[in-house]
Amino acid sequence: MARGYVVGLVFWGISLQARWLTSHKHLKTNPWVPLSGIVESSLSFALVYLGAQAMSFTYLESALMGALFMATSPSTVLQIIHQTRASGQLTERVLHHTAINLVFAVITVQLLMGVQAFEQTGLLIDALYDGFIVACISVVLGVLMGLVIPELFRWLPRTATDATLAFALGVCLLCALTMSMKLLPMLSCFVFGVVCRYQRITVGVAKQGFGTAGELLSLLLFVYVGASVSFVSLAEGLMVGVSVLLLRQLAKAIAVTSLAFGGGLQWDKGFSVSVALAPSASFLVLMTAQLDLAGFTRLAVLQALLSAALIMGAVGPLLVRLAILRSKESLAGQDG
């Protein structure tokens, strides 16, 4: 439980830089953005599901892998965007797609847990609780936290350090509460960020990534992978992990590139968006920890997920940086 809590705290502590929620007006003026995100998530799920089925995984395990590999890790994307000071069409599309496929992934995984509960007990109430009620309670907790923190900001004088501490404590409390209640910390923290945005309070005044502490704690993601399974287990899951990652990237490339014209992008920039959506390590690590604690996965699935996380942990940031530099949206190094 402690390992899952720490990984959840680290991941969401880093990823709560909510700049990607400040550009929501583009979703209204350009419906191709959400449409592209939905198609990309759906096609990723479908190709990974079919690939896992071809590799002899059960239908539920295949669906689980499809759901997990829909998502892009916001922590990695935001970290590279901050480092390169990227701004432009590609950057905004990547942030919107990340938000869309993350929500789809979390909700789909929870629905699959409801299906598993129904198969195990045969009780519809168990399926309803695991598949729907848990998500609703997680959303409510995120909303409440998103209302409380801005109120504290309005009544108390603050500095950048105070903001960092306030949001860090908010994330700590939210993760501790949701994980102790066996809810969805990711969904709660996502809603927390959305509500803070609509309260006109963002974490832009906080240190990016929660400063040095965030950078140090992010290393625990790789420590967790190394401590979870042996080298032999990772090697055994390597072939499945690589195959699934290739299918996932193919799906994102096809969906985003083919719909780029509708959103006013050239096809090459659309392809660059799909490349920047590659990172998935921190999301896979966190979800693997939660699913392992819940007894939802068997060893073969864990091996594949952690092998893929290890690969994307090394390659993902490079791909995001490459896409941003190729699109010439980086402002780093351009100051006089």
# chains A, B, ... in the order shown; residues from 1 in each chain; ligands from 1
>>> residues_around(residues="stretch 49-63 of chain A", least_positions_apart="3", cutoff="8 Å", atoms="only C-alpha atoms", output="ChimeraX atom specification")
/A:45-46,66-67,112,116,240,243-244,247,297,301
>>> residues_around(residues="A:Lys328", least_positions_apart="3", cutoff="12 Å", atoms="only C-alpha atoms", output="list in words")
Thr84, Arg85, Ala86, Ser87, Gly88, Gln89, Leu90, Thr91, Lys269, Ser272, Arg321, Leu322, Ala323, Ile324, Leu325, Leu331, Ala332 and Gln334 of chain A
>>> closest_residue(among="A:Leu169, A:Leu102, A:Ile81, A:Val115", to="A:Met186", atoms="only C-alpha atoms")
A:Leu102
>>> residues_around(residues="A:Ala135", least_positions_apart="2", cutoff="9 Å", atoms="only C-alpha atoms", output="list in words")
Ile107, Gln110, Tyr129, Asp130, Gly131, Phe132, Ile133, Ile137, Ser138, Val139, Val140, Leu183, Leu184, Leu187 and Ser188 of chain A
>>> closest_residue(among="A:Gln79, A:Phe118, A:Lys252, A:Thr178", to="A:Leu47", atoms="only C-alpha atoms")
A:Lys252
>>> residues_around(residues="A:Ala281", least_positions_apart="4", cutoff="9 Å", atoms="only C-alpha atoms", output="number ranges by chain")
A: 72-73, 76, 221, 285-286, 306, 308-314, 316
>>> write_last_selection(atoms="C-alpha atoms", output="PDB file, in the first residue's frame")
ATOM      1  CA  THR A  72      -0.245   9.594 -22.236  1.00  0.00           C
ATOM      2  CA  SER A  73       1.633  10.476 -19.043  1.00  0.00           C
ATOM      3  CA  THR A  76       6.504  13.684 -18.780  1.00  0.00           C
ATOM      4  CA  LEU A 221       9.083   5.872 -10.534  1.00  0.00           C
ATOM      5  CA  VAL A 285       3.634   2.511 -13.128  1.00  0.00           C
ATOM      6  CA  LEU A 286       0.908   4.103 -11.032  1.00  0.00           C
ATOM      7  CA  LEU A 306       6.401  -2.694 -16.429  1.00  0.00           C
ATOM      8  CA  ALA A 308       6.690  -1.005 -21.479  1.00  0.00           C
ATOM      9  CA  ALA A 309       6.997   1.532 -18.655  1.00  0.00           C
ATOM     10  CA  LEU A 310      10.754   1.015 -18.491  1.00  0.00           C
ATOM     11  CA  ILE A 311      11.109   1.544 -22.250  1.00  0.00           C
ATOM     12  CA  MET A 312       8.911   4.633 -22.306  1.00  0.00           C
ATOM     13  CA  GLY A 313      10.637   6.041 -19.236  1.00  0.00           C
ATOM     14  CA  ALA A 314      13.822   6.230 -21.275  1.00  0.00           C
ATOM     15  CA  GLY A 316       9.306   8.986 -24.049  1.00  0.00           C
TER      16      GLY A 316
END
>>> closest_residue(among="A:Pro34, A:Pro74, A:Gly263, A:Gly146", to="A:Pro317", atoms="only C-alpha atoms")
A:Pro74
>>> closest_residue(among="A:Ala251, A:Leu245, A:Leu238, A:Met287", to="A:Ala300", atoms="only C-alpha atoms")
A:Leu238
>>> residues_around(residues="A:Val275", least_positions_apart="3", cutoff="8 Å", atoms="only C-alpha atoms", output="list in words")
Gln249, Ala253, Phe271, Ser272, Ala278, Leu319, Val320 and Ala323 of chain A
>>> write_last_selection(atoms="N, CA, C and O atoms", output="short mmCIF file (atom, residue, chain, number, x, y, z; two decimals), in the first residue's frame")
data_model
loop_
_atom_site.label_atom_id
_atom_site.label_comp_id
_atom_site.auth_asym_id
_atom_site.auth_seq_id
_atom_site.Cartn_x
_atom_site.Cartn_y
_atom_site.Cartn_z
N GLN A 249 1.51 3.21 -30.78
CA GLN A 249 2.03 4.36 -31.50
C GLN A 249 1.49 4.41 -32.93
O GLN A 249 1.24 5.49 -33.47
N ALA A 253 -0.56 7.56 -34.46
CA ALA A 253 -0.09 8.19 -35.69
C ALA A 253 -1.20 8.23 -36.75
O ALA A 253 -1.42 9.26 -37.40
N PHE A 271 1.53 14.41 -37.38
CA PHE A 271 2.35 13.26 -37.04
C PHE A 271 3.25 13.57 -35.85
O PHE A 271 3.46 12.72 -34.98
N SER A 272 3.77 14.80 -35.78
CA SER A 272 4.61 15.20 -34.65
C SER A 272 3.81 15.17 -33.34
O SER A 272 4.33 14.83 -32.28
N ALA A 278 3.69 9.85 -27.07
CA ALA A 278 4.25 8.54 -26.77
C ALA A 278 4.43 8.24 -25.28
O ALA A 278 4.20 7.11 -24.86
N LEU A 319 11.26 11.60 -27.28
CA LEU A 319 10.30 11.75 -28.37
C LEU A 319 9.53 13.06 -28.26
O LEU A 319 9.27 13.74 -29.27
N VAL A 320 9.14 13.43 -27.03
CA VAL A 320 8.43 14.70 -26.84
C VAL A 320 9.34 15.87 -27.23
O VAL A 320 8.93 16.79 -27.95
N ALA A 323 9.76 16.08 -31.02
CA ALA A 323 8.56 16.62 -31.69
C ALA A 323 8.49 18.13 -31.53
O ALA A 323 8.15 18.85 -32.48
#
